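Text of the file target_9.pdb, holding PDB, C-alpha atoms:
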```
ATOM      1  CA  MET A   1      35.697 -50.298 -79.474  1.00  0.00           C
ATOM      2  CA  THR A   2      34.513 -48.797 -82.780  1.00  0.00           C
ATOM      3  CA  ASN A   3      33.925 -52.238 -84.294  1.00  0.00           C
ATOM      4  CA  ASN A   4      31.955 -53.291 -81.220  1.00  0.00           C
ATOM      5  CA  LEU A   5      29.797 -50.160 -81.442  1.00  0.00           C
ATOM      6  CA  ASP A   6      29.165 -50.742 -85.121  1.00  0.00           C
ATOM      7  CA  THR A   7      28.119 -54.338 -84.427  1.00  0.00           C
ATOM      8  CA  LEU A   8      25.850 -53.221 -81.594  1.00  0.00           C
ATOM      9  CA  ALA A   9      24.229 -50.525 -83.711  1.00  0.00           C
ATOM     10  CA  THR A  10      23.690 -52.942 -86.596  1.00  0.00           C
ATOM     11  CA  ALA A  11      22.092 -55.550 -84.314  1.00  0.00           C
ATOM     12  CA  LEU A  12      19.772 -52.944 -82.750  1.00  0.00           C
ATOM     13  CA  TYR A  13      18.788 -51.585 -86.137  1.00  0.00           C
ATOM     14  CA  VAL A  14      18.039 -55.016 -87.639  1.00  0.00           C
ATOM     15  CA  THR A  15      16.007 -56.068 -84.564  1.00  0.00           C
ATOM     16  CA  THR A  16      13.912 -52.901 -84.659  1.00  0.00           C
ATOM     17  CA  ASP A  17      13.486 -52.955 -88.431  1.00  0.00           C
ATOM     18  CA  ASP A  18      12.288 -56.585 -88.347  1.00  0.00           C
ATOM     19  CA  LEU A  19       9.857 -55.777 -85.545  1.00  0.00           C
ATOM     20  CA  LEU A  20       8.391 -52.869 -87.494  1.00  0.00           C
ATOM     21  CA  LYS A  21       7.922 -55.066 -90.538  1.00  0.00           C
ATOM     22  CA  GLU A  22       5.975 -57.573 -88.398  1.00  0.00           C
ATOM     23  CA  ARG A  23       4.140 -54.947 -86.353  1.00  0.00           C
ATOM     24  CA  PRO A  24       3.852 -51.709 -88.354  1.00  0.00           C
ATOM     25  CA  ASP A  25       1.202 -50.543 -85.877  1.00  0.00           C
ATOM     26  CA  LEU A  26       3.957 -49.958 -83.323  1.00  0.00           C
ATOM     27  CA  ALA A  27       5.456 -47.163 -85.396  1.00  0.00           C
ATOM     28  CA  PRO A  28       4.409 -43.619 -84.405  1.00  0.00           C
ATOM     29  CA  TRP A  29       1.414 -42.413 -86.420  1.00  0.00           C
ATOM     30  CA  ARG A  30       2.105 -40.098 -89.332  1.00  0.00           C
ATOM     31  CA  PRO A  31      -0.031 -39.007 -92.324  1.00  0.00           C
ATOM     32  CA  ALA A  32      -0.126 -41.350 -95.306  1.00  0.00           C
ATOM     33  CA  VAL A  33       0.705 -38.439 -97.574  1.00  0.00           C
ATOM     34  CA  GLY A  34       3.663 -36.277 -96.683  1.00  0.00           C
ATOM     35  CA  ILE A  35       7.422 -36.074 -96.485  1.00  0.00           C
ATOM     36  CA  ALA A  36       9.026 -39.209 -95.028  1.00  0.00           C
ATOM     37  CA  PRO A  37      11.356 -38.518 -92.077  1.00  0.00           C
ATOM     38  CA  GLN A  38      15.047 -38.469 -92.925  1.00  0.00           C
ATOM     39  CA  LEU A  39      15.798 -40.498 -89.791  1.00  0.00           C
ATOM     40  CA  THR A  40      13.797 -43.747 -89.882  1.00  0.00           C
ATOM     41  CA  ASP A  41      12.051 -45.136 -86.812  1.00  0.00           C
ATOM     42  CA  ALA A  42      14.537 -48.023 -86.666  1.00  0.00           C
ATOM     43  CA  GLU A  43      17.451 -45.576 -86.779  1.00  0.00           C
ATOM     44  CA  LEU A  44      15.801 -43.458 -84.063  1.00  0.00           C
ATOM     45  CA  VAL A  45      15.461 -46.443 -81.713  1.00  0.00           C
ATOM     46  CA  THR A  46      19.050 -47.486 -82.413  1.00  0.00           C
ATOM     47  CA  LEU A  47      20.288 -43.982 -81.678  1.00  0.00           C
ATOM     48  CA  ALA A  48      18.271 -43.730 -78.445  1.00  0.00           C
ATOM     49  CA  MET A  49      19.421 -47.096 -77.120  1.00  0.00           C
ATOM     50  CA  MET A  50      23.050 -46.366 -77.888  1.00  0.00           C
ATOM     51  CA  GLN A  51      22.671 -43.084 -76.013  1.00  0.00           C
ATOM     52  CA  ALA A  52      21.393 -44.920 -72.940  1.00  0.00           C
ATOM     53  CA  MET A  53      24.009 -47.692 -73.053  1.00  0.00           C
ATOM     54  CA  LEU A  54      26.874 -45.234 -73.506  1.00  0.00           C
ATOM     55  CA  GLY A  55      25.674 -43.196 -70.531  1.00  0.00           C
ATOM     56  CA  PHE A  56      24.765 -39.891 -72.196  1.00  0.00           C
ATOM     57  CA  THR A  57      22.095 -38.209 -70.053  1.00  0.00           C
ATOM     58  CA  SER A  58      22.106 -35.024 -72.150  1.00  0.00           C
ATOM     59  CA  GLU A  59      20.495 -35.277 -75.579  1.00  0.00           C
ATOM     60  CA  ALA A  60      22.480 -32.295 -76.840  1.00  0.00           C
ATOM     61  CA  ARG A  61      25.810 -33.811 -75.778  1.00  0.00           C
ATOM     62  CA  TRP A  62      24.847 -37.164 -77.268  1.00  0.00           C
ATOM     63  CA  LEU A  63      23.971 -35.662 -80.644  1.00  0.00           C
ATOM     64  CA  ARG A  64      27.265 -33.767 -80.702  1.00  0.00           C
ATOM     65  CA  HIS A  65      29.075 -37.018 -79.954  1.00  0.00           C
ATOM     66  CA  ALA A  66      27.106 -38.845 -82.655  1.00  0.00           C
ATOM     67  CA  ARG A  67      27.917 -36.179 -85.245  1.00  0.00           C
ATOM     68  CA  ALA A  68      31.597 -36.477 -84.424  1.00  0.00           C
ATOM     69  CA  HIS A  69      31.887 -40.266 -84.198  1.00  0.00           C
ATOM     70  CA  LEU A  70      28.856 -41.990 -85.737  1.00  0.00           C
ATOM     71  CA  ARG A  71      28.299 -40.229 -89.046  1.00  0.00           C
ATOM     72  CA  HIS A  72      29.139 -43.441 -90.936  1.00  0.00           C
ATOM     73  CA  LEU A  73      26.150 -45.110 -89.221  1.00  0.00           C
ATOM     74  CA  PHE A  74      23.668 -42.219 -89.241  1.00  0.00           C
ATOM     75  CA  PRO A  75      23.975 -40.041 -92.371  1.00  0.00           C
ATOM     76  CA  TYR A  76      21.266 -37.728 -91.006  1.00  0.00           C
ATOM     77  CA  LEU A  77      21.028 -36.584 -87.392  1.00  0.00           C
ATOM     78  CA  PRO A  78      18.246 -34.207 -86.242  1.00  0.00           C
ATOM     79  CA  GLN A  79      18.614 -31.220 -83.954  1.00  0.00           C
ATOM     80  CA  GLN A  80      17.988 -31.749 -80.253  1.00  0.00           C
ATOM     81  CA  SER A  81      14.400 -30.439 -80.310  1.00  0.00           C
ATOM     82  CA  GLY A  82      13.442 -32.660 -83.241  1.00  0.00           C
ATOM     83  CA  TYR A  83      15.145 -35.653 -81.654  1.00  0.00           C
ATOM     84  CA  ASN A  84      13.232 -35.129 -78.416  1.00  0.00           C
ATOM     85  CA  LYS A  85       9.865 -34.872 -80.197  1.00  0.00           C
ATOM     86  CA  ARG A  86      10.558 -38.057 -82.150  1.00  0.00           C
ATOM     87  CA  LEU A  87      11.508 -39.918 -78.968  1.00  0.00           C
ATOM     88  CA  ARG A  88       8.302 -38.891 -77.213  1.00  0.00           C
ATOM     89  CA  LYS A  89       6.182 -40.166 -80.086  1.00  0.00           C
ATOM     90  CA  ALA A  90       8.172 -43.420 -80.236  1.00  0.00           C
ATOM     91  CA  ALA A  91       7.880 -44.229 -76.518  1.00  0.00           C
ATOM     92  CA  GLU A  92       5.807 -47.401 -77.033  1.00  0.00           C
ATOM     93  CA  LEU A  93       8.135 -48.643 -79.766  1.00  0.00           C
ATOM     94  CA  LEU A  94      11.156 -48.075 -77.527  1.00  0.00           C
ATOM     95  CA  ARG A  95       9.486 -49.957 -74.678  1.00  0.00           C
ATOM     96  CA  ARG A  96       8.610 -52.881 -76.920  1.00  0.00           C
ATOM     97  CA  VAL A  97      12.116 -53.208 -78.385  1.00  0.00           C
ATOM     98  CA  THR A  98      13.645 -52.939 -74.919  1.00  0.00           C
ATOM     99  CA  ARG A  99      11.446 -55.806 -73.715  1.00  0.00           C
ATOM    100  CA  ILE A 100      12.409 -57.976 -76.711  1.00  0.00           C
ATOM    101  CA  LEU A 101      16.099 -57.407 -76.073  1.00  0.00           C
ATOM    102  CA  ALA A 102      15.720 -58.090 -72.351  1.00  0.00           C
ATOM    103  CA  SER A 103      13.716 -61.294 -72.848  1.00  0.00           C
ATOM    104  CA  SER A 104      16.336 -62.647 -75.244  1.00  0.00           C
ATOM    105  CA  THR A 105      18.987 -62.729 -72.507  1.00  0.00           C
ATOM    106  CA  SER A 106      19.611 -65.655 -70.144  1.00  0.00           C
ATOM    107  CA  VAL A 107      18.973 -63.387 -67.143  1.00  0.00           C
ATOM    108  CA  TRP A 108      15.305 -62.999 -68.127  1.00  0.00           C
ATOM    109  CA  SER A 109      14.526 -66.576 -67.025  1.00  0.00           C
ATOM    110  CA  ASP A 110      15.606 -65.925 -63.420  1.00  0.00           C
ATOM    111  CA  ASP A 111      12.999 -67.437 -61.061  1.00  0.00           C
ATOM    112  CA  VAL A 112      13.634 -64.801 -58.366  1.00  0.00           C
ATOM    113  CA  TRP A 113      12.632 -61.152 -58.699  1.00  0.00           C
ATOM    114  CA  ILE A 114      13.216 -58.202 -56.392  1.00  0.00           C
ATOM    115  CA  VAL A 115      10.693 -55.399 -55.904  1.00  0.00           C
ATOM    116  CA  ASP A 116      11.313 -52.002 -54.338  1.00  0.00           C
ATOM    117  CA  SER A 117      10.658 -48.319 -54.818  1.00  0.00           C
ATOM    118  CA  THR A 118      12.789 -45.201 -54.556  1.00  0.00           C
ATOM    119  CA  PRO A 119      11.964 -41.490 -54.218  1.00  0.00           C
ATOM    120  CA  VAL A 120      12.364 -39.225 -57.242  1.00  0.00           C
ATOM    121  CA  GLU A 121      12.667 -35.756 -55.735  1.00  0.00           C
ATOM    122  CA  CYS A 122      11.385 -33.045 -58.072  1.00  0.00           C
ATOM    123  CA  GLY A 123      11.808 -29.874 -56.010  1.00  0.00           C
ATOM    124  CA  ARG A 124      12.473 -28.495 -52.548  1.00  0.00           C
ATOM    125  CA  SER A 125      11.302 -24.889 -52.420  1.00  0.00           C
ATOM    126  CA  ARG A 126       7.656 -23.889 -52.124  1.00  0.00           C
ATOM    127  CA  GLU A 127       8.063 -21.729 -55.224  1.00  0.00           C
ATOM    128  CA  THR A 128       9.171 -24.752 -57.233  1.00  0.00           C
ATOM    129  CA  VAL A 129       6.202 -26.764 -56.010  1.00  0.00           C
ATOM    130  CA  LYS A 130       3.810 -24.018 -57.116  1.00  0.00           C
ATOM    131  CA  ARG A 131       5.336 -23.403 -60.540  1.00  0.00           C
ATOM    132  CA  SER A 132       6.454 -26.881 -61.561  1.00  0.00           C
ATOM    133  CA  ASP A 133       4.690 -28.606 -64.471  1.00  0.00           C
ATOM    134  CA  LEU A 134       4.508 -31.638 -62.165  1.00  0.00           C
ATOM    135  CA  ALA A 135       2.162 -29.838 -59.788  1.00  0.00           C
ATOM    136  CA  GLY A 136      -0.943 -31.975 -59.371  1.00  0.00           C
ATOM    137  CA  TRP A 137       0.957 -35.185 -60.130  1.00  0.00           C
ATOM    138  CA  ALA A 138       3.962 -34.989 -57.821  1.00  0.00           C
ATOM    139  CA  GLN A 139       3.148 -35.275 -54.116  1.00  0.00           C
ATOM    140  CA  TYR A 140       4.727 -34.971 -50.693  1.00  0.00           C
ATOM    141  CA  GLY A 141       5.958 -38.322 -49.438  1.00  0.00           C
ATOM    142  CA  TYR A 142       8.242 -39.754 -46.775  1.00  0.00           C
ATOM    143  CA  CYS A 143      11.602 -41.378 -47.444  1.00  0.00           C
ATOM    144  CA  ALA A 144      12.374 -43.773 -44.580  1.00  0.00           C
ATOM    145  CA  SER A 145      15.986 -44.411 -45.619  1.00  0.00           C
ATOM    146  CA  HIS A 146      16.788 -40.680 -45.329  1.00  0.00           C
ATOM    147  CA  SER A 147      14.246 -39.977 -42.554  1.00  0.00           C
ATOM    148  CA  ARG A 148      12.755 -36.954 -44.311  1.00  0.00           C
ATOM    149  CA  PHE A 149       9.838 -35.820 -46.413  1.00  0.00           C
ATOM    150  CA  PHE A 150      10.238 -34.971 -50.077  1.00  0.00           C
ATOM    151  CA  TRP A 151       8.156 -33.559 -52.923  1.00  0.00           C
ATOM    152  CA  GLY A 152       8.104 -35.574 -56.102  1.00  0.00           C
ATOM    153  CA  LEU A 153       7.398 -39.013 -57.481  1.00  0.00           C
ATOM    154  CA  ARG A 154       8.250 -42.594 -56.658  1.00  0.00           C
ATOM    155  CA  LEU A 155       9.849 -45.094 -59.024  1.00  0.00           C
ATOM    156  CA  HIS A 156       8.625 -48.674 -58.507  1.00  0.00           C
ATOM    157  CA  LEU A 157      10.836 -51.369 -59.986  1.00  0.00           C
ATOM    158  CA  VAL A 158      10.673 -55.150 -60.371  1.00  0.00           C
ATOM    159  CA  CYS A 159      14.008 -56.587 -61.483  1.00  0.00           C
ATOM    160  CA  THR A 160      16.046 -59.791 -61.522  1.00  0.00           C
ATOM    161  CA  LEU A 161      18.792 -60.504 -59.002  1.00  0.00           C
ATOM    162  CA  GLN A 162      21.301 -59.353 -61.636  1.00  0.00           C
ATOM    163  CA  GLY A 163      19.540 -55.987 -61.935  1.00  0.00           C
ATOM    164  CA  LEU A 164      17.697 -56.470 -65.223  1.00  0.00           C
ATOM    165  CA  PRO A 165      14.430 -54.448 -65.088  1.00  0.00           C
ATOM    166  CA  VAL A 166      11.295 -56.537 -65.596  1.00  0.00           C
ATOM    167  CA  ALA A 167       8.598 -53.923 -64.957  1.00  0.00           C
ATOM    168  CA  PHE A 168       8.432 -50.372 -63.647  1.00  0.00           C
ATOM    169  CA  ALA A 169       6.013 -47.590 -62.808  1.00  0.00           C
ATOM    170  CA  LEU A 170       6.339 -43.924 -61.929  1.00  0.00           C
ATOM    171  CA  THR A 171       3.687 -42.739 -59.472  1.00  0.00           C
ATOM    172  CA  GLY A 172       2.964 -40.002 -56.995  1.00  0.00           C
ATOM    173  CA  ALA A 173       5.023 -40.126 -53.812  1.00  0.00           C
ATOM    174  CA  LYS A 174       2.067 -41.361 -51.733  1.00  0.00           C
ATOM    175  CA  ALA A 175       1.086 -44.273 -53.971  1.00  0.00           C
ATOM    176  CA  ASP A 176       0.733 -47.564 -52.093  1.00  0.00           C
ATOM    177  CA  GLU A 177       3.640 -49.844 -53.026  1.00  0.00           C
ATOM    178  CA  ARG A 178       1.587 -53.037 -52.793  1.00  0.00           C
ATOM    179  CA  GLU A 179      -1.212 -51.705 -54.974  1.00  0.00           C
ATOM    180  CA  THR A 180       1.320 -50.490 -57.532  1.00  0.00           C
ATOM    181  CA  VAL A 181       2.922 -53.928 -57.810  1.00  0.00           C
ATOM    182  CA  LEU A 182      -0.462 -55.564 -58.285  1.00  0.00           C
ATOM    183  CA  ASP A 183      -1.279 -53.020 -61.004  1.00  0.00           C
ATOM    184  CA  LEU A 184       2.057 -53.717 -62.724  1.00  0.00           C
ATOM    185  CA  PHE A 185       1.332 -57.416 -63.018  1.00  0.00           C
ATOM    186  CA  ALA A 186      -2.317 -56.816 -63.919  1.00  0.00           C
ATOM    187  CA  ALA A 187      -1.250 -54.555 -66.777  1.00  0.00           C
ATOM    188  CA  GLU A 188       1.111 -57.209 -68.165  1.00  0.00           C
ATOM    189  CA  PRO A 189      -0.308 -60.613 -67.142  1.00  0.00           C
ATOM    190  CA  HIS A 190       1.992 -62.460 -69.552  1.00  0.00           C
ATOM    191  CA  LEU A 191       4.938 -61.651 -67.265  1.00  0.00           C
ATOM    192  CA  THR A 192       3.779 -64.169 -64.672  1.00  0.00           C
ATOM    193  CA  ALA A 193       1.464 -66.430 -66.687  1.00  0.00           C
ATOM    194  CA  ALA A 194       4.332 -68.674 -67.809  1.00  0.00           C
ATOM    195  CA  ARG A 195       6.196 -68.511 -64.479  1.00  0.00           C
ATOM    196  CA  PRO A 196       4.558 -70.807 -61.906  1.00  0.00           C
ATOM    197  CA  GLY A 197       6.360 -70.588 -58.583  1.00  0.00           C
ATOM    198  CA  GLN A 198       8.076 -67.285 -59.355  1.00  0.00           C
ATOM    199  CA  ARG A 199       9.541 -65.778 -56.175  1.00  0.00           C
ATOM    200  CA  LEU A 200       9.210 -62.076 -55.410  1.00  0.00           C
ATOM    201  CA  ILE A 201      11.394 -60.555 -52.679  1.00  0.00           C
ATOM    202  CA  GLY A 202      10.473 -57.239 -51.080  1.00  0.00           C
ATOM    203  CA  ASP A 203      10.908 -55.349 -47.823  1.00  0.00           C
ATOM    204  CA  LYS A 204       8.325 -54.872 -45.067  1.00  0.00           C
ATOM    205  CA  ASN A 205       6.359 -52.366 -47.166  1.00  0.00           C
ATOM    206  CA  TYR A 206       5.213 -55.309 -49.306  1.00  0.00           C
ATOM    207  CA  PHE A 207       4.029 -57.548 -46.471  1.00  0.00           C
ATOM    208  CA  GLY A 208       0.378 -58.257 -45.753  1.00  0.00           C
ATOM    209  CA  ARG A 209      -1.846 -61.350 -45.859  1.00  0.00           C
ATOM    210  CA  ASP A 210      -4.428 -59.906 -48.223  1.00  0.00           C
ATOM    211  CA  PHE A 211      -1.715 -58.559 -50.526  1.00  0.00           C
ATOM    212  CA  GLU A 212       0.189 -61.854 -50.614  1.00  0.00           C
ATOM    213  CA  ARG A 213      -3.004 -63.789 -51.258  1.00  0.00           C
ATOM    214  CA  GLU A 214      -3.986 -61.553 -54.166  1.00  0.00           C
ATOM    215  CA  LEU A 215      -0.445 -61.590 -55.557  1.00  0.00           C
ATOM    216  CA  ALA A 216      -0.368 -65.401 -55.466  1.00  0.00           C
TER     217      ALA A 216
END
```

What's the structure tokens form of this structure?
Amino acid sequence: MTNNLDTLATALYVTTDDLLKERPDLAPWRPAVGIAPQLTDAELVTLAMMQAMLGFTSEARWLRHARAHLRHLFPYLPQQSGYNKRLRKAAELLRRVTRILASSTSVWSDDVWIVDSTPVECGRSRETVKRSDLAGWAQYGYCASHSRFFWGLRLHLVCTLQGLPVAFALTGAKADERETVLDLFAAEPHLTAARPGQRLIGDKNYFGRDFERELA
């Protein structure tokens, strides 16, 4: 298991490092003059992806695990607050590397995609709704599968039949699912440009003549 993790970490690091050499503009902005970070951007991406693949949802727990088991791979590990700030600034880099890794798999060429959305509940009490930092973005929406209203967001996901994510969006709970899908493909036209005849399967919330015509 340790050898497999080392190989995985090395592959992630090399992929990210090569990408940054080709596209230095993807790296988070920092002043030209100053102290270089002790954890490089390539190491940060490697650390974040290993956290996700190993199932650590808590950054603090993951860093404790890394200090105990991965010191030979990461000589320097930041504190949780510093790690979180670095991740936020590197969001675009993480997204780009994730897409490269996904598109290099055989599953990426699947000619059938599935589209759906799911509620992301963010609070239940009125007090939470008033005080939450999501107030003004999160909304009240209806979840048909549970036959109840909820306050929060909605995750829209396009994925392959094997479950590999192709595109996603996080919107308010009332966002129209059809409009969101159209926006997803409009934002990344290259996803469908090279895929004539791509099939997209969705439930009744995605039906409609005008929608299907515009999607085609």

Answer key for the PyMOL selection byres ((chain A and resi 22-32) around 12), residues as a PyMOL selection string: chain A and resi 15-21+33-37+40-42+44-45+85-97

Computed interatomic separation between atom CA of A:Arg178 and atom CA of A:Asn205 (Å):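 So the two atoms, atom CA of A:Arg178 and atom CA of A:Asn205, lie 7.4 Å apart.
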
Hits from the PyMOL selection byres ((chain A and resi 168-175) around 8), listed as an MDAnalysis selection string: chainID A and resid 119 137:142 151:158 165:167 176:177 179:180 184

For atom CA of A:Phe74 and atom CA of A:Ala102, the interatomic separation in Å (one decimal):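 Interatomic distance here is 24.5 Å.
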
Nearest-residue call for A:Ser103, choices A:Leu39, A:Ala66, A:Leu164, A:Ala52, using only C-alpha atoms: A:Leu164

Which of A:Met53, A:Leu47, A:Leu182, A:Ala193 sits closest to A:Leu77 [using only C-alpha atoms]: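 Between A:Met53, A:Leu47, A:Leu182, A:Ala193, the residue approaching A:Leu77 most closely is A:Leu47.
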
Quick one: stretch 93-153 of chain A from the block, C-alpha atoms, as a compact mmCIF listing (two decimals), in the first residue's frame.
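The resulting result05.txt:
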```txt
# COMPACT_ATOMS: atom_id res chain seq x y z
CA LEU A 93 -5.04 24.90 -10.81
CA LEU A 94 -6.72 22.03 -8.98
CA ARG A 95 -9.62 22.06 -11.44
CA ARG A 96 -7.28 22.04 -14.42
CA VAL A 97 -5.16 19.14 -13.14
CA THR A 98 -8.29 17.18 -12.25
CA ARG A 99 -9.58 17.60 -15.81
CA ILE A 100 -6.24 16.46 -17.29
CA LEU A 101 -6.24 13.34 -15.14
CA ALA A 102 -9.87 12.58 -15.96
CA SER A 103 -9.42 13.05 -19.72
CA SER A 104 -6.45 10.68 -19.74
CA THR A 105 -8.62 7.74 -18.66
CA SER A 106 -10.50 5.42 -21.02
CA VAL A 107 -13.79 6.32 -19.31
CA TRP A 108 -13.56 9.91 -20.59
CA SER A 109 -14.40 8.81 -24.15
CA ASP A 110 -17.79 7.37 -23.13
CA ASP A 111 -20.42 8.49 -25.67
CA VAL A 112 -23.21 8.50 -23.06
CA TRP A 113 -23.46 11.03 -20.23
CA ILE A 114 -25.91 11.31 -17.36
CA VAL A 115 -27.16 14.63 -15.98
CA ASP A 116 -28.93 15.22 -12.68
CA SER A 117 -28.97 17.49 -9.67
CA THR A 118 -29.16 16.92 -5.93
CA PRO A 119 -30.03 19.18 -2.99
CA VAL A 120 -27.24 20.46 -0.75
CA GLU A 121 -29.02 21.38 2.48
CA CYS A 122 -27.26 24.18 4.36
CA GLY A 123 -29.53 24.74 7.36
CA ARG A 124 -32.93 24.02 8.85
CA SER A 125 -33.66 26.58 11.56
CA ARG A 126 -34.73 30.14 10.82
CA GLU A 127 -31.86 31.38 12.97
CA THR A 128 -29.37 29.53 10.78
CA VAL A 129 -30.91 31.00 7.64
CA LYS A 130 -30.56 34.52 9.04
CA ARG A 131 -27.00 34.18 10.31
CA SER A 132 -25.42 31.91 7.71
CA ASP A 133 -22.73 33.33 5.41
CA LEU A 134 -24.70 31.68 2.59
CA ALA A 135 -27.65 34.01 3.13
CA GLY A 136 -28.41 35.71 -0.17
CA TRP A 137 -26.98 32.82 -2.19
CA ALA A 138 -28.69 29.78 -0.70
CA GLN A 139 -32.43 29.57 -1.36
CA TYR A 140 -35.51 27.59 -0.42
CA GLY A 141 -36.15 24.79 -2.88
CA TYR A 142 -38.18 21.60 -3.18
CA CYS A 143 -36.73 18.10 -3.12
CA ALA A 144 -39.13 15.77 -4.95
CA SER A 145 -37.37 12.55 -3.90
CA HIS A 146 -37.90 13.41 -0.21
CA SER A 147 -41.16 15.34 -0.74
CA ARG A 148 -40.04 18.34 1.32
CA PHE A 149 -38.65 21.83 1.05
CA PHE A 150 -35.08 22.63 2.03
CA TRP A 151 -32.84 25.68 2.40
CA GLY A 152 -29.53 25.53 0.61
CA LEU A 153 -27.96 24.95 -2.77
```
